[in-house]
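Chemist: Sending over a structure as structure tokens; questions will come in a sec.
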Amino acid sequence: METTPRPGRDGSNGVEEFPFPVRKMDTASLKALAHPLRVQILEMLSRYGAQTACGLGELLGESSGSTSYHLRQLAKHDFVREVEGKGTARERWWERPRGALQVSSPELASSPATEEASRLVSREFEHSRQAVLADFMAHGVDALDSHWLHAATINTSNARMNAEQLGRYARAVEAYGHRLLEEIRDEGEQEDARPVQIHFNAFPILGVPATATSRGARKAAKTPSAKRTSPERKEP
């Protein structure tokens, strides 16, 4: 999981705590992570669990020598760790510790170098999210049984909110989602389990002036009330 900071509830410059473990990047660790293949390695370990350098090489189309080198660099900054009691000296297994990564902050944004590193890491995570969603949308019907298709959802809701409302909504969803996910993890891996990726996006839409659908403009245009929420649920 990759996340971003948010101001404290009192409006100060402090960062509010998340309802789940979050590792806040410093300059050294962020620069160590700012390599496309290293971000991809973290993503593969998140999706598929512990892997060897050889296994990661097969997943990513890279040589085991390359993935082994980048795993060692990630391990120096505690992004990955060896799995205790598994593997041999010649075939080491690696895992990603639980918890989110906060890859941007006001402190990191103060330097052009760290700001660019933060953008690179965020961009790589986002490309990965877009790729797996596009693959599911294009091929899910052909590749999955019906019970998986009915269990999945692509869900978009639209509403007009101010900053306080958006923050309140996002915090509530984050807290509930984390609590439910931990309950499921505590049940242990089930017989028919497969990698599942969960997305939740809530953000102000950019590029459209806030006044474009203000109360006065809506009244003049006779458009629906801003308080209406229009959910969209799609099941491929």
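Residue names in the structure tokens use chain letters A, B, ... in the order shown, residue numbers from 1 in each chain, and ligand numbers from 1 in the order shown.
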Dump as a tab-separated table the rows for residues of stretch 48-94 of chain A within 8 Å of stretch 27-32 of chain A: closest atom pair and distance in Å with one decimal, only C-alpha atoms counted, ordered by chain and rising residue number.
Modeler:
```
residue	atom	partner	partner_atom	distance
A:Gln73	CA	A:Ala32	CA	7.2
A:Leu74	CA	A:Ala32	CA	7.1
A:His77	CA	A:Ser29	CA	5.8
```
Chemist: With N, CA, C and O atoms retained, could you export that selection as an mmCIF file, in the first residue's frame?
Modeler:
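Saved the output as out-v6.cif:
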```cif
data_model
loop_
_atom_site.group_PDB
_atom_site.id
_atom_site.type_symbol
_atom_site.label_atom_id
_atom_site.label_comp_id
_atom_site.auth_asym_id
_atom_site.auth_seq_id
_atom_site.Cartn_x
_atom_site.Cartn_y
_atom_site.Cartn_z
ATOM 1 N N GLN A 73 19.473 -4.202 -2.067
ATOM 2 C CA GLN A 73 19.406 -2.753 -1.836
ATOM 3 C C GLN A 73 18.139 -2.392 -1.044
ATOM 4 O O GLN A 73 18.172 -1.544 -0.156
ATOM 5 N N LEU A 74 17.037 -3.044 -1.375
ATOM 6 C CA LEU A 74 15.798 -2.800 -0.631
ATOM 7 C C LEU A 74 15.927 -3.256 0.817
ATOM 8 O O LEU A 74 15.399 -2.607 1.735
ATOM 9 N N HIS A 77 17.380 -0.923 3.464
ATOM 10 C CA HIS A 77 16.498 0.123 3.991
ATOM 11 C C HIS A 77 15.200 -0.463 4.540
ATOM 12 O O HIS A 77 14.203 0.248 4.696
#
```
Chemist: Would you please work out which residue, of A:His35, A:Arg179, A:Arg23, A:His70, is nearest to A:Pro97 when using only C-alpha atoms?
Modeler: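 With only C-alpha atoms as the atom set, the closest residue is A:Arg23.
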Chemist: Tell me, as a PyMOL selection string, which residues lie within 12 Å of A:Val103, counting only C-alpha atoms; anything in the same chain fewer than 3 positions away does not count.
Modeler: chain A and resi 1-5+22-34+39+100+106-109+114-125
Chemist: Atom CA of A:Ser66 and atom CA of A:Cys54 are how many Å apart?
Modeler: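 According to the coordinates, atom CA of A:Ser66 and atom CA of A:Cys54 are separated by 9.5 Å.
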Chemist: Let me make sure I understand: among A:Leu59, A:Ala113, A:Ile41, A:Leu144, which one has the smallest atom-to-atom distance to A:Phe79 if we use only C-alpha atoms?
Modeler: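 Going through A:Leu59, A:Ala113, A:Ile41, A:Leu144 one by one, the smallest distance to A:Phe79 is for A:Ile41.
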Chemist: Compile the contact shell of A:Gln51 as a ChimeraX atom specification: residues with an atom at most 8 Å away, counting only C-alpha atoms, same-chain residues fewer than 6 positions apart removed.
Modeler: /A:45,93-95
Chemist: Generate the output file for the selected residues, N, CA, C and O atoms, as a compact mmCIF listing (two decimals), in the first residue's frame.
Modeler:
```
# COMPACT_ATOMS: atom_id res chain seq x y z
N LEU A 45 5.78 -8.64 -4.34
CA LEU A 45 5.77 -9.25 -3.00
C LEU A 45 4.45 -8.97 -2.29
O LEU A 45 3.96 -9.81 -1.52
N TRP A 93 14.49 -16.54 0.42
CA TRP A 93 13.12 -16.08 0.22
C TRP A 93 12.96 -14.71 0.88
O TRP A 93 13.44 -14.48 1.99
N TRP A 94 12.24 -13.85 0.19
CA TRP A 94 12.08 -12.48 0.64
C TRP A 94 10.60 -12.14 0.75
O TRP A 94 9.77 -12.63 0.00
N GLU A 95 10.28 -11.27 1.73
CA GLU A 95 8.91 -10.82 1.91
C GLU A 95 8.89 -9.33 2.20
O GLU A 95 9.91 -8.75 2.60
```
Chemist: Which residues in stretch 19-186 of chain A does DSSP call strand (DSSP E or B)? List them as a ChimeraX atom specification.
Modeler: /A:22-24,51-52,81-87,92-95,100-102,154-158
Chemist: Output C-alpha atoms for every residue in that selection, as a PDB file, in the first residue's frame.
Modeler:
```
ATOM      1  CA  VAL A  22       2.425   3.654   8.007  1.00  0.00           C
ATOM      2  CA  ARG A  23       6.117   3.982   7.332  1.00  0.00           C
ATOM      3  CA  LYS A  24       7.066   7.604   6.672  1.00  0.00           C
ATOM      4  CA  GLN A  51       9.375 -14.919  -3.426  1.00  0.00           C
ATOM      5  CA  THR A  52      12.936 -15.804  -4.359  1.00  0.00           C
ATOM      6  CA  ARG A  81      13.319  -8.912   4.716  1.00  0.00           C
ATOM      7  CA  GLU A  82      14.359 -12.547   4.529  1.00  0.00           C
ATOM      8  CA  VAL A  83      11.758 -15.113   5.511  1.00  0.00           C
ATOM      9  CA  GLU A  84      13.001 -16.853   8.632  1.00  0.00           C
ATOM     10  CA  GLY A  85      13.391 -20.621   8.411  1.00  0.00           C
ATOM     11  CA  LYS A  86      12.750 -20.768   4.661  1.00  0.00           C
ATOM     12  CA  GLY A  87      15.169 -21.281   1.822  1.00  0.00           C
ATOM     13  CA  ARG A  92      16.802 -16.948  -0.177  1.00  0.00           C
ATOM     14  CA  TRP A  93      13.120 -16.080   0.224  1.00  0.00           C
ATOM     15  CA  TRP A  94      12.076 -12.477   0.640  1.00  0.00           C
ATOM     16  CA  GLU A  95       8.909 -10.820   1.913  1.00  0.00           C
ATOM     17  CA  ALA A 100       1.736   1.313   4.108  1.00  0.00           C
ATOM     18  CA  LEU A 101       4.469   3.515   2.678  1.00  0.00           C
ATOM     19  CA  GLN A 102       4.078   7.270   2.837  1.00  0.00           C
ATOM     20  CA  ILE A 154     -15.750  -1.599  -9.926  1.00  0.00           C
ATOM     21  CA  ASN A 155     -17.463   1.115  -7.950  1.00  0.00           C
ATOM     22  CA  THR A 156     -17.548   4.880  -8.503  1.00  0.00           C
ATOM     23  CA  SER A 157     -19.596   7.380  -6.494  1.00  0.00           C
ATOM     24  CA  ASN A 158     -19.868  11.106  -7.141  1.00  0.00           C
TER      25      ASN A 158
END
```
Chemist: Set the distance at 9 Å and use only C-alpha atoms: which residues neighbour A:Leu56 once local chain neighbours fewer than 5 positions away are removed? I'd like the list as a PyMOL selection string.
Modeler: chain A and resi 41+44-45+51+61-64+67-68
Chemist: Mind writing the picked residues with C-alpha atoms as a PDB file, in the first residue's frame?
Modeler:
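Output below, filename selection-v1.pdb:
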```
ATOM      1  CA  ILE A  41       9.510  -5.891  -6.723  1.00  0.00           C
ATOM      2  CA  MET A  44       4.982  -8.385  -6.629  1.00  0.00           C
ATOM      3  CA  LEU A  45       5.765  -9.254  -3.004  1.00  0.00           C
ATOM      4  CA  GLN A  51       9.375 -14.919  -3.426  1.00  0.00           C
ATOM      5  CA  GLY A  61      10.857 -10.648 -16.984  1.00  0.00           C
ATOM      6  CA  GLU A  62      14.225  -9.838 -15.389  1.00  0.00           C
ATOM      7  CA  SER A  63      17.321 -11.893 -14.644  1.00  0.00           C
ATOM      8  CA  SER A  64      17.657 -13.374 -11.171  1.00  0.00           C
ATOM      9  CA  THR A  67      16.340  -8.934  -8.913  1.00  0.00           C
ATOM     10  CA  SER A  68      18.831 -10.295  -6.368  1.00  0.00           C
TER      11      SER A  68
END
```
Chemist: Mind the document's chain letters and residue numbers, and return as JSON, numbers by chain the residues of stretch 31-201 of chain A that DSSP labels helix (DSSP H, G or I).
Modeler: {"A": [31, 32, 33, 36, 37, 38, 39, 40, 41, 42, 43, 44, 45, 46, 47, 48, 53, 54, 55, 56, 57, 58, 59, 60, 64, 65, 66, 67, 68, 69, 70, 71, 72, 73, 74, 75, 76, 106, 107, 108, 109, 112, 113, 114, 115, 116, 117, 118, 119, 120, 121, 122, 123, 124, 125, 126, 127, 128, 129, 130, 131, 132, 133, 134, 135, 136, 137, 138, 139, 140, 141, 142, 143, 146, 147, 148, 149, 150, 151, 163, 164, 165, 166, 167, 168, 169, 170, 171, 172, 173, 174, 175, 176, 177, 178, 179, 180, 181, 182, 183, 184, 185, 186]}
